[in-house]
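Asker: Provided herewith is a single structure, encoded as structure tokens, for subsequent inquiry.
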Amino acid sequence: MKHTANLSKIPYVGNEKSKVTLHLFLQIIGKIRLELTPRKNHWWYITEYVDTNGFTTGPIFYNSGNDTFTISINVVAHQVEISTSKGESAEFKLHEGLTVAEFYNNLIKILTDFNISVSILDKPFDLDINKHFSEITDYHHYNKEYTKNLWKTFQWTDGVFKEFSGRFYGKTCPVHVYWHSMDLTVTRFSGKKAPPMPKDARISDKDAYTHECISFGFWAGDDNMKEPAFYSYTYPAPEGIDKKPLQPDSAFWMDANGSPMAILKYNDLLTKDNPREALLAFMESGYRAGATLANWDIEKLDVPPLKEL
């Protein structure tokens, strides 16, 4: 029996500008969260979340921590929504032709009207766009159908990742969206420190990889891999990990900046009779490959059935 996942194709090719437009929107609201949220390990305080209607920052503190506000991109209604714990709310519509500059200016004006002071580094991160957000008019490609289908995939994946996360007793990050790369991720940690990174490594990498970890994610494709895919990698990568078997059979290892990464292409997942079980099998095989070779205490870190407690 085929277990339909209500998933649609979300091709990268032909939607490049729509993806970048959404990515820039998420970077803007993510940078606002980064500016106002107290630090937490591994950059967990800067992330965004998939919710019932789209993507959200969750509550952000302001007014010396006495109040909160939330910014959400409602993909169902195709609008940006801002609300505060004081009962204030505002929104503006998302549509083809809305520039990144207009998105940014509209949002900052609303926050200013709500007496929320924000000062961010107002340029894109790691996207080869050397302009202030308020100057970006060449990205205006909000595509309702593509964005909604992409969000539905994020939403479904969010549920699978949370099921997988619940099988692990060790330190695990929330399932969340990193806006710098626009991927949905969940990461497991062994509890052991990783070797220090080179002194000239980016501070973002130094804080992300202080401890041994095995990470899993989904991203919508880029110029290096021109289609959406799921991935897993172990840090530090143990010798021989790329010789370990993966499930399902369509999964494979590839080189990613000199380190092995397990890949399951989204379009291959769509062909499976039970996509959920196939994705869980991919994540479990990627985890076992890394944890076994890195000498994690797998049995201790597995969550037992409640009846065994």
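Here's how to read the names in the structure tokens: chain A, B, ... by the order shown, residue numbers from 1 in each chain, ligand numbers from 1 in the order shown.
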As an MDAnalysis selection string, please: the residues near stretch 63-70 of chain A (cut-off 12 Å, only C-alpha atoms, same-chain neighbours under 5 positions excluded).
Answerer: chainID A and resid 29:30 32:33 36:38 48:49 55:58 80:91 107 110:111 114:118
Asker: Select from stretch 194-291 of chain A every residue with an atom at most 12 Å from any atom of stretch 143-153 of chain A, then for each give the shortest pair of atoms and their distance in Å to one decimal, using only C-alpha atoms, rows by chain and rising number, as JSON lines.
Answerer:
{"residue": "A:Phe218", "atom": "CA", "partner": "A:Thr153", "partner_atom": "CA", "distance": 9.3}
{"residue": "A:Trp219", "atom": "CA", "partner": "A:Leu150", "partner_atom": "CA", "distance": 9.8}
{"residue": "A:Ala220", "atom": "CA", "partner": "A:Leu150", "partner_atom": "CA", "distance": 7.8}
{"residue": "A:Gly221", "atom": "CA", "partner": "A:Leu150", "partner_atom": "CA", "distance": 11.2}
{"residue": "A:Pro228", "atom": "CA", "partner": "A:Leu150", "partner_atom": "CA", "distance": 9.7}
{"residue": "A:Ala229", "atom": "CA", "partner": "A:Thr153", "partner_atom": "CA", "distance": 11.0}
{"residue": "A:Phe230", "atom": "CA", "partner": "A:Thr153", "partner_atom": "CA", "distance": 11.4}
{"residue": "A:Tyr266", "atom": "CA", "partner": "A:Thr153", "partner_atom": "CA", "distance": 9.6}
{"residue": "A:Asn267", "atom": "CA", "partner": "A:Thr153", "partner_atom": "CA", "distance": 11.7}
{"residue": "A:Leu269", "atom": "CA", "partner": "A:Thr153", "partner_atom": "CA", "distance": 11.7}
{"residue": "A:Leu270", "atom": "CA", "partner": "A:Thr153", "partner_atom": "CA", "distance": 11.1}
{"residue": "A:Pro275", "atom": "CA", "partner": "A:Thr153", "partner_atom": "CA", "distance": 11.7}
{"residue": "A:Arg276", "atom": "CA", "partner": "A:Thr153", "partner_atom": "CA", "distance": 11.8}
Asker: List the spatial neighbours of A:Tyr287 as a list in words - criterion: any atom at most 8 Å away, only C-alpha atoms, same-chain residues fewer than 4 positions off excluded.
Answerer: Ile214, Ser232, Thr234, Met283 and Ala291 of chain A
Asker: Could you please take those selected residues and save N, CA, C and O atoms as a PDB file, in the first residue's frame?
Answerer:
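Just written: result17.pdb:
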ATOM      1  N   ILE A 214      26.083  14.854  14.962  1.00  0.00           N
ATOM      2  CA  ILE A 214      25.584  14.285  13.717  1.00  0.00           C
ATOM      3  C   ILE A 214      24.341  15.080  13.362  1.00  0.00           C
ATOM      4  O   ILE A 214      23.381  15.134  14.142  1.00  0.00           O
ATOM      5  N   SER A 232      22.728  14.254   5.685  1.00  0.00           N
ATOM      6  CA  SER A 232      23.247  13.948   7.012  1.00  0.00           C
ATOM      7  C   SER A 232      24.770  13.998   6.959  1.00  0.00           C
ATOM      8  O   SER A 232      25.373  13.573   5.971  1.00  0.00           O
ATOM      9  N   THR A 234      28.410  13.807   9.770  1.00  0.00           N
ATOM     10  CA  THR A 234      28.983  13.641  11.102  1.00  0.00           C
ATOM     11  C   THR A 234      30.172  14.572  11.241  1.00  0.00           C
ATOM     12  O   THR A 234      31.003  14.672  10.335  1.00  0.00           O
ATOM     13  N   MET A 283      17.703   8.714   7.847  1.00  0.00           N
ATOM     14  CA  MET A 283      18.296   9.394   8.988  1.00  0.00           C
ATOM     15  C   MET A 283      18.932   8.390   9.950  1.00  0.00           C
ATOM     16  O   MET A 283      20.038   8.624  10.458  1.00  0.00           O
ATOM     17  N   ALA A 291      27.774   7.378  14.244  1.00  0.00           N
ATOM     18  CA  ALA A 291      27.886   7.068  15.674  1.00  0.00           C
ATOM     19  C   ALA A 291      28.730   5.827  15.916  1.00  0.00           C
ATOM     20  O   ALA A 291      29.497   5.759  16.887  1.00  0.00           O
TER      21      ALA A 291
END
Asker: Using only C-alpha atoms, which residues sit within 9 Å of A:Gly217 once same-chain residues fewer than 4 positions away are excluded, as a ChimeraX atom specification?
Answerer: /A:161,183-187,229-232
Asker: For A:Glu102, list every protein, DNA or RNA residue within 10 Å, evaluated using only C-alpha atoms, and leave out those in the same chain fewer than 5 positions away; present the list as number ranges by chain.
Answerer: A: 97, 107-108, 133-137, 140
Asker: Record the distance separating atom CA of A:Ile73 and atom CA of A:Gly54, expressed in Å with one decimal.
Answerer: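 One can read the atom CA of A:Ile73 to atom CA of A:Gly54 distance as 5.7 Å.
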Asker: Could you check the closest approach to A:Lys31 for each of A:Phe154, A:Tyr45, A:Phe103, A:Tyr12 and tell me which residue wins, using only C-alpha atoms?
Answerer: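 Result for the nearest residue to A:Lys31: A:Tyr45.
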Asker: Can you pull out the residues contacting A:Phe164? Cut-off 10 Å, using only C-alpha atoms, and skip same-chain residues under 2 positions away; I want them as a ChimeraX atom specification.
Answerer: /A:158-162,166-168,186,279-281,283-284
